[in-house]
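Here's the structure, in structure tokens; my notes come after.
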Amino acid sequence: MKYDDIKKMMNPQFENFSVYASMPSNDSLIEKYSIKADKIVKLNGNENPFGPHPKVLENISKIPIHIYPDDEYLKSRQSLAEYTDLNIDNIVVSCGSDELIDLLFRIFVTPGDEVLDFTPTFGMYSVRAQLAGAKIIPVIRDENFNLNRTKIKEKINSKTKILFLASPNNPTGNESSVEDIEFLLGLNKILVIDEAYFEFSKKSYANLINKYSNLIILRSMSKWAGLAGLRIGYGLMSKELSELSRSVKNPYNVSNIAEESLIISLKNASYLMEKVDLIIIEREKLKIKLEKLSDIKVYPSNANFLLCKLLNSNLKELNIKLIKNGVFVRLFPSKELENCFRVSIGTADDNEYFFDNLIKYVK
Ligand SMILES: Cc1ncc(COP(=O)(O)O)c(C=O)c1O
């Protein structure tokens, strides 16, 4: 059978599907750009430069992987109930928060529905919404990347079922105001607040889920707890929505290793939060240094990265020079982020290496 004939049998959503631009691995970049640098500094994935808690690593070889996980994930949900001060019935664990983004679009979106995309924001929302059959309606943020409430009001209609708001937002780093959250909650749609960077911003709306049955909070263990490679996140929502989400997700969506690692991380949260605080200190130190460069505009951030705009130089050329020196930052194709790059905060050494290489080319 020809691939063209096979394509005709596919769900039409796949015809014009724009893929999520995920991060190329270090190895593929090294090969693509024939990098000879002896040091590689990966600051393109908002990962945790300190890695997981040491006990997570010690414990991994002891975890039985020949048996399936507990399909109710009671132990991890109980730990999360204590961590979040909510009830176990409000909690869904997932294979990274990405899995819940996808699941929520599939639960709430019917082909033909519209999904507002608060551009620029996390690219996964529009990709998964599109896959669920939604039409994406961009609602551009203002010059400081705050929401444009007037435009949101204009664009929202009966085809809008679910709104996704990352706060802090990726890749801009800013949080939404309480007024914005109240405004969005008042629209009587499902509001998903993605708090992937909550431990860095320390601002959460999780306590509101008992008050607003249309509110869902997403969290990640990838950033603050250094478990990006294990793929584990969770959602906080009403008892009813949690029950539904748990019954329609894949039954064994989180591995034994990921579940146990989450439990160990939460038991040792104070150690991990010390590392988070170090990352915040490093972020502010790097921001001050970047602000002194006349060719760079750096935006305020409440997360583990900084968004920078290059004012005069050519970003693509700069990026290739950085890559050749073993420094990886993240660029974005969208118009709103023209000449912008995002740099994740690494260790003090990583950040210094990035900065020293940057100032070879940028004044
Ligand atoms: C805003 C936001 N949400 C969700 C995710 C996905 O996180 P996870 O690794 O838990 O799937 C990311 C990852 O970068 C993110 O920036």
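Here, A, B, ... name the chains of the structure tokens in the order displayed, residue numbers run from 1 inside each chain, and ligands are numbered from 1 in the same displayed order.
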Legend entry - Within 8 Å of ligand 1 (only C-alpha atoms and all ligand atoms), residues as JSON, numbers by chain: {"A": [45, 46, 95, 96, 97, 98, 99, 101, 121, 122, 124, 166, 167, 168, 169, 170, 171, 194, 195, 196, 197, 218, 219, 220, 221, 222, 223, 228, 229, 231, 232, 233, 234]}
Inset, instruction - List every residue of segment 28-109 of chain A that DSSP, applied to the backbone of this structure, places in helix (DSSP H, G or I), and write the result as a ChimeraX atom specification. - result: /A:28-32,54-60,74-84,88-90,96-108
Inset, instruction - Please identify which residues in segment 44-262 of chain A DSSP calls strand (DSSP E or B) from the backbone, and express them as a PyMOL selection string. - result: chain A and resi 91-94+114-117+135-138+160+162-166+190-194+215-220+233-236
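With only C-alpha atoms as the atoms that count, the minimum distance from Ile63 of chain A to the choices A:Val127, A:Lys211, A:Val248, A:Glu259 is reached by A:Glu259.
The residue that comes closest to Asp89 of chain A, out of A:Ser238, A:Ser213, A:Ser177, A:Ser313 and on the basis of only C-alpha atoms, is A:Ser238.
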Inset, instruction - Considering only C-alpha atoms, return as a PyMOL selection string whatever protein or nucleic-acid residues lie within 12 Å of segment 72-74 of chain A, sequence-local ones (same chain, fewer than 2 positions apart) excluded. - result: chain A and resi 68-70+76-81+87-94+234+242-243+245-247+249-256+258-260+262-263
Kindly save the residues from that selection, with N, CA and C atoms included, as a compact mmCIF listing (two decimals), in the first residue's frame.
```
# COMPACT_ATOMS: atom_id res chain seq x y z
N TYR A 68 3.81 -4.78 37.64
CA TYR A 68 3.17 -3.52 37.25
C TYR A 68 3.04 -2.60 38.46
N PRO A 69 2.94 -1.30 38.20
CA PRO A 69 2.70 -0.38 39.32
C PRO A 69 1.29 -0.58 39.91
N ASP A 70 1.07 0.00 41.06
CA ASP A 70 -0.27 0.03 41.66
C ASP A 70 -1.14 0.90 40.75
N SER A 76 1.92 7.35 46.02
CA SER A 76 2.38 8.66 45.52
C SER A 76 1.29 9.71 45.71
N ARG A 77 0.04 9.30 45.52
CA ARG A 77 -1.04 10.29 45.69
C ARG A 77 -1.14 10.72 47.15
N GLN A 78 -0.88 9.76 48.07
CA GLN A 78 -0.91 10.12 49.49
C GLN A 78 0.21 11.12 49.81
N SER A 79 1.41 10.84 49.28
CA SER A 79 2.53 11.79 49.50
C SER A 79 2.20 13.16 48.95
N LEU A 80 1.58 13.16 47.76
CA LEU A 80 1.22 14.45 47.13
C LEU A 80 0.13 15.17 47.91
N ALA A 81 -0.78 14.37 48.53
CA ALA A 81 -1.83 14.99 49.33
C ALA A 81 -1.19 15.77 50.48
N ASN A 87 -6.66 16.62 49.32
CA ASN A 87 -7.08 15.26 49.58
C ASN A 87 -6.60 14.34 48.46
N ILE A 88 -6.32 13.10 48.79
CA ILE A 88 -5.87 12.13 47.79
C ILE A 88 -6.86 12.03 46.61
N ASP A 89 -8.13 12.26 46.88
CA ASP A 89 -9.15 12.19 45.82
C ASP A 89 -9.02 13.31 44.79
N ASN A 90 -8.25 14.34 45.14
CA ASN A 90 -8.07 15.47 44.21
C ASN A 90 -6.88 15.28 43.28
N ILE A 91 -6.17 14.15 43.43
CA ILE A 91 -4.86 14.04 42.78
C ILE A 91 -4.80 12.97 41.69
N VAL A 92 -4.20 13.35 40.56
CA VAL A 92 -3.96 12.40 39.45
C VAL A 92 -2.47 12.44 39.15
N VAL A 93 -1.80 11.28 39.12
CA VAL A 93 -0.39 11.29 38.73
C VAL A 93 -0.29 10.98 37.24
N SER A 94 0.74 11.53 36.61
CA SER A 94 0.82 11.39 35.15
C SER A 94 2.26 11.25 34.68
N TYR A 234 1.79 15.76 37.97
CA TYR A 234 0.49 15.46 38.57
C TYR A 234 -0.48 16.61 38.35
N SER A 242 -11.00 14.38 38.94
CA SER A 242 -9.87 13.50 39.21
C SER A 242 -10.27 12.04 38.94
N GLU A 243 -11.45 11.69 39.40
CA GLU A 243 -11.93 10.31 39.21
C GLU A 243 -12.06 10.00 37.71
N SER A 245 -10.51 11.56 35.18
CA SER A 245 -9.18 11.55 34.54
C SER A 245 -8.47 10.23 34.83
N ARG A 246 -8.57 9.77 36.07
CA ARG A 246 -7.89 8.53 36.42
C ARG A 246 -8.51 7.34 35.71
N SER A 247 -9.82 7.42 35.44
CA SER A 247 -10.43 6.25 34.79
C SER A 247 -10.19 6.24 33.28
N LYS A 249 -7.29 7.70 31.71
CA LYS A 249 -5.85 7.71 31.34
C LYS A 249 -5.38 6.27 31.13
N ASN A 250 -4.18 6.11 30.62
CA ASN A 250 -3.61 4.76 30.55
C ASN A 250 -3.47 4.21 31.96
N PRO A 251 -3.81 2.94 32.16
CA PRO A 251 -3.82 2.44 33.55
C PRO A 251 -2.45 2.49 34.24
N TYR A 252 -1.38 2.16 33.54
CA TYR A 252 -0.06 2.16 34.21
C TYR A 252 0.80 3.27 33.61
N ASN A 253 0.30 4.49 33.70
CA ASN A 253 0.96 5.60 33.01
C ASN A 253 2.24 6.08 33.70
N VAL A 254 2.42 5.71 34.95
CA VAL A 254 3.64 6.13 35.68
C VAL A 254 4.38 4.87 36.11
N SER A 255 5.68 4.83 35.85
CA SER A 255 6.43 3.61 36.18
C SER A 255 6.66 3.50 37.69
N ASN A 256 6.99 2.27 38.14
CA ASN A 256 7.33 2.06 39.56
C ASN A 256 8.47 2.98 39.97
N ALA A 258 9.40 5.86 38.66
CA ALA A 258 8.98 7.27 38.75
C ALA A 258 8.15 7.49 40.02
N GLU A 259 7.26 6.54 40.31
CA GLU A 259 6.41 6.72 41.50
C GLU A 259 7.25 6.78 42.77
N GLU A 260 8.15 5.81 42.92
CA GLU A 260 8.98 5.78 44.15
C GLU A 260 9.88 7.01 44.22
N LEU A 262 9.27 9.96 43.09
CA LEU A 262 8.45 11.11 43.52
C LEU A 262 8.32 11.08 45.05
N ILE A 263 8.03 9.88 45.58
CA ILE A 263 7.83 9.78 47.04
C ILE A 263 9.11 10.19 47.78
```
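Atom CA of Lys309 of chain A is positioned 5.6 Å from atom CA of Ile296 of chain A.
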Might you pull out every residue within 9 Å of Ser261 of chain A, with only C-alpha atoms counted and same-chain residues fewer than 3 positions away left off, and present them as an mmCIF file with N, CA and C atoms, in the first residue's frame?
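Contents of the output file part01.cif:
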```cif
data_model
loop_
_atom_site.group_PDB
_atom_site.id
_atom_site.type_symbol
_atom_site.label_atom_id
_atom_site.label_comp_id
_atom_site.auth_asym_id
_atom_site.auth_seq_id
_atom_site.Cartn_x
_atom_site.Cartn_y
_atom_site.Cartn_z
ATOM 1 N N PRO A 52 18.535 14.828 40.572
ATOM 2 C CA PRO A 52 17.571 14.459 41.619
ATOM 3 C C PRO A 52 18.220 14.370 42.994
ATOM 4 N N HIS A 53 17.427 14.088 43.999
ATOM 5 C CA HIS A 53 17.981 13.833 45.334
ATOM 6 C C HIS A 53 18.839 12.553 45.262
ATOM 7 N N LYS A 55 19.198 10.119 47.152
ATOM 8 C CA LYS A 55 18.492 8.888 47.564
ATOM 9 C C LYS A 55 17.656 8.307 46.425
ATOM 10 N N VAL A 56 17.219 9.160 45.504
ATOM 11 C CA VAL A 56 16.463 8.670 44.345
ATOM 12 C C VAL A 56 17.365 7.727 43.548
ATOM 13 N N LEU A 57 18.597 8.162 43.333
ATOM 14 C CA LEU A 57 19.543 7.359 42.538
ATOM 15 C C LEU A 57 19.900 6.073 43.270
ATOM 16 N N ASN A 59 18.166 4.426 45.309
ATOM 17 C CA ASN A 59 17.021 3.518 45.445
ATOM 18 C C ASN A 59 16.636 2.820 44.141
ATOM 19 N N ILE A 60 17.036 3.408 43.009
ATOM 20 C CA ILE A 60 16.509 2.922 41.723
ATOM 21 C C ILE A 60 16.746 1.415 41.510
ATOM 22 N N LEU A 227 13.609 15.336 37.999
ATOM 23 C CA LEU A 227 13.176 14.019 37.511
ATOM 24 C C LEU A 227 12.694 14.059 36.051
ATOM 25 N N LEU A 230 12.544 10.857 34.149
ATOM 26 C CA LEU A 230 11.654 9.786 34.620
ATOM 27 C C LEU A 230 10.213 10.001 34.198
ATOM 28 N N ASN A 256 6.993 2.265 38.136
ATOM 29 C CA ASN A 256 7.327 2.059 39.556
ATOM 30 C C ASN A 256 8.471 2.984 39.970
ATOM 31 N N ILE A 257 9.442 3.113 39.073
ATOM 32 C CA ILE A 257 10.634 3.921 39.412
ATOM 33 C C ILE A 257 10.237 5.388 39.567
ATOM 34 N N ALA A 258 9.402 5.863 38.665
ATOM 35 C CA ALA A 258 8.983 7.267 38.750
ATOM 36 C C ALA A 258 8.153 7.491 40.016
ATOM 37 N N ILE A 264 10.246 9.691 47.308
ATOM 38 C CA ILE A 264 11.528 10.038 47.963
ATOM 39 C C ILE A 264 11.783 11.543 47.849
ATOM 40 N N SER A 265 11.493 12.101 46.677
ATOM 41 C CA SER A 265 11.731 13.542 46.478
ATOM 42 C C SER A 265 10.882 14.362 47.441
ATOM 43 N N LEU A 266 9.626 13.970 47.605
ATOM 44 C CA LEU A 266 8.758 14.750 48.491
ATOM 45 C C LEU A 266 9.205 14.617 49.948
#
```
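Neighbouring residues of Cys308 of chain A at 6 Å or closer, counting only C-alpha atoms and skipping chain neighbours under 5 positions away, are Lys297, Val298, Cys340 and Phe341 of chain A.
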Inset, instruction - Work out how far apart atom CA of Leu184 of chain A and atom CA of Ile107 of chain A are and give it in Å to one decimal. - result: 19.7 Å
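Taking only C-alpha atoms, the non-local environment of segment 13-16 of chain A within 12 Å (same-chain residues fewer than 5 positions away omitted) comprises A:Asp4, A:Ile6, A:Lys7, A:Lys8, A:Thr110, A:Pro111, A:Gly112, A:Val127, A:Arg128, A:Ala129, A:Gln130, A:Leu131, A:Ala132, A:Gly133, A:Ala134, A:Lys135.
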Please save all heavy atoms of the selected residues as a CSV table (one decimal), in the first residue's frame.
```csv
chain,number,residue,atom,x,y,z
A,4,ASP,N,0.5,7.4,0.6
A,4,ASP,CA,-0.6,8.4,0.4
A,4,ASP,C,-1.9,7.7,0.6
A,4,ASP,O,-2.9,8.4,1.2
A,4,ASP,CB,-0.5,8.8,-1.1
A,4,ASP,CG,0.5,10.0,-1.2
A,4,ASP,OD1,0.9,10.5,-0.2
A,4,ASP,OD2,0.8,10.3,-2.4
A,6,ILE,N,-2.4,5.2,2.7
A,6,ILE,CA,-2.5,5.0,4.2
A,6,ILE,C,-2.9,6.3,4.8
A,6,ILE,O,-3.8,6.3,5.7
A,6,ILE,CB,-1.1,4.5,4.7
A,6,ILE,CG1,-0.9,3.1,4.2
A,6,ILE,CG2,-1.1,4.6,6.2
A,6,ILE,CD1,0.5,2.5,4.5
A,7,LYS,N,-2.4,7.4,4.3
A,7,LYS,CA,-2.7,8.8,4.9
A,7,LYS,C,-4.2,9.1,4.8
A,7,LYS,O,-4.8,9.7,5.7
A,7,LYS,CB,-1.9,9.9,4.3
A,7,LYS,CG,-0.6,10.1,5.0
A,7,LYS,CD,0.3,11.1,4.3
A,7,LYS,CE,0.0,12.5,4.6
A,7,LYS,NZ,0.9,13.4,3.9
A,8,LYS,N,-4.8,8.6,3.7
A,8,LYS,CA,-6.2,8.9,3.5
A,8,LYS,C,-7.1,8.2,4.6
A,8,LYS,O,-8.2,8.6,4.8
A,8,LYS,CB,-6.7,8.4,2.1
A,8,LYS,CG,-6.2,9.3,1.0
A,8,LYS,CD,-6.8,8.9,-0.3
A,8,LYS,CE,-6.0,9.6,-1.4
A,8,LYS,NZ,-5.6,8.7,-2.5
A,110,THR,N,-13.9,18.9,21.5
A,110,THR,CA,-14.6,18.1,20.4
A,110,THR,C,-14.1,18.7,19.1
A,110,THR,O,-13.9,20.0,19.1
A,110,THR,CB,-16.1,18.3,20.5
A,110,THR,OG1,-16.5,18.1,21.9
A,110,THR,CG2,-16.9,17.4,19.6
A,111,PRO,N,-13.8,18.0,18.1
A,111,PRO,CA,-13.4,18.6,16.8
A,111,PRO,C,-14.3,19.8,16.4
A,111,PRO,O,-15.5,19.7,16.5
A,111,PRO,CB,-13.5,17.5,15.8
A,111,PRO,CG,-13.2,16.2,16.6
A,111,PRO,CD,-13.9,16.5,18.0
A,112,GLY,N,-13.7,20.9,16.1
A,112,GLY,CA,-14.4,22.1,15.7
A,112,GLY,C,-14.4,23.1,16.9
A,112,GLY,O,-14.7,24.3,16.6
A,127,VAL,N,-0.2,22.4,20.2
A,127,VAL,CA,0.0,21.1,19.4
A,127,VAL,C,-1.0,20.0,19.9
A,127,VAL,O,-1.7,19.4,19.1
A,127,VAL,CB,1.4,20.6,19.7
A,127,VAL,CG1,1.6,19.2,19.1
A,127,VAL,CG2,2.4,21.5,19.0
A,128,ARG,N,-1.2,19.9,21.2
A,128,ARG,CA,-2.1,18.9,21.7
A,128,ARG,C,-3.6,19.3,21.4
A,128,ARG,O,-4.4,18.4,21.1
A,128,ARG,CB,-1.9,18.6,23.2
A,128,ARG,CG,-0.6,18.1,23.6
A,128,ARG,CD,0.2,17.3,22.7
A,128,ARG,NE,-0.2,15.9,22.6
A,128,ARG,CZ,0.5,15.0,21.9
A,128,ARG,NH1,1.6,15.3,21.3
A,128,ARG,NH2,0.1,13.8,21.8
A,129,ALA,N,-3.9,20.6,21.5
A,129,ALA,CA,-5.2,21.0,21.2
A,129,ALA,C,-5.6,20.7,19.8
A,129,ALA,O,-6.7,20.2,19.4
A,129,ALA,CB,-5.4,22.5,21.5
A,130,GLN,N,-4.6,21.0,18.9
A,130,GLN,CA,-4.9,20.7,17.5
A,130,GLN,C,-5.1,19.2,17.2
A,130,GLN,O,-6.0,18.8,16.4
A,130,GLN,CB,-3.6,21.1,16.8
A,130,GLN,CG,-3.7,21.6,15.3
A,130,GLN,CD,-2.4,21.8,14.7
A,130,GLN,OE1,-1.4,22.1,15.4
A,130,GLN,NE2,-2.3,21.5,13.4
A,131,LEU,N,-4.3,18.4,17.9
A,131,LEU,CA,-4.5,17.0,17.8
A,131,LEU,C,-5.9,16.5,18.2
A,131,LEU,O,-6.4,15.5,17.7
A,131,LEU,CB,-3.4,16.3,18.6
A,131,LEU,CG,-3.1,14.9,18.2
A,131,LEU,CD1,-2.8,14.7,16.8
A,131,LEU,CD2,-1.9,14.4,19.0
A,132,ALA,N,-6.4,17.2,19.2
A,132,ALA,CA,-7.8,16.9,19.7
A,132,ALA,C,-8.9,17.5,18.7
A,132,ALA,O,-10.1,17.3,19.0
A,132,ALA,CB,-8.0,17.4,21.1
A,133,GLY,N,-8.4,18.1,17.7
A,133,GLY,CA,-9.4,18.6,16.7
A,133,GLY,C,-9.8,20.1,16.9
A,133,GLY,O,-10.7,20.6,16.2
A,134,ALA,N,-9.1,20.8,17.7
A,134,ALA,CA,-9.5,22.2,18.0
A,134,ALA,C,-8.9,23.1,17.0
A,134,ALA,O,-7.8,22.8,16.4
A,134,ALA,CB,-9.0,22.6,19.4
A,135,LYS,N,-9.6,24.2,16.8
A,135,LYS,CA,-9.0,25.3,16.0
A,135,LYS,C,-8.3,26.2,17.0
A,135,LYS,O,-8.8,26.6,18.0
A,135,LYS,CB,-10.1,26.1,15.3
A,135,LYS,CG,-9.7,27.2,14.4
A,135,LYS,CD,-10.9,27.7,13.7
A,135,LYS,CE,-10.4,29.0,12.9
A,135,LYS,NZ,-11.4,30.0,12.7
```
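Straight-line separation from atom CA of Asn351 of chain A to atom CA of Glu199 of chain A: 20.5 Å.
Candidate residues A:Val41, A:Leu215, A:Ile140, A:Tyr125 were compared for distance to Glu352 of chain A, and the nearest is A:Val41, using only C-alpha atoms.
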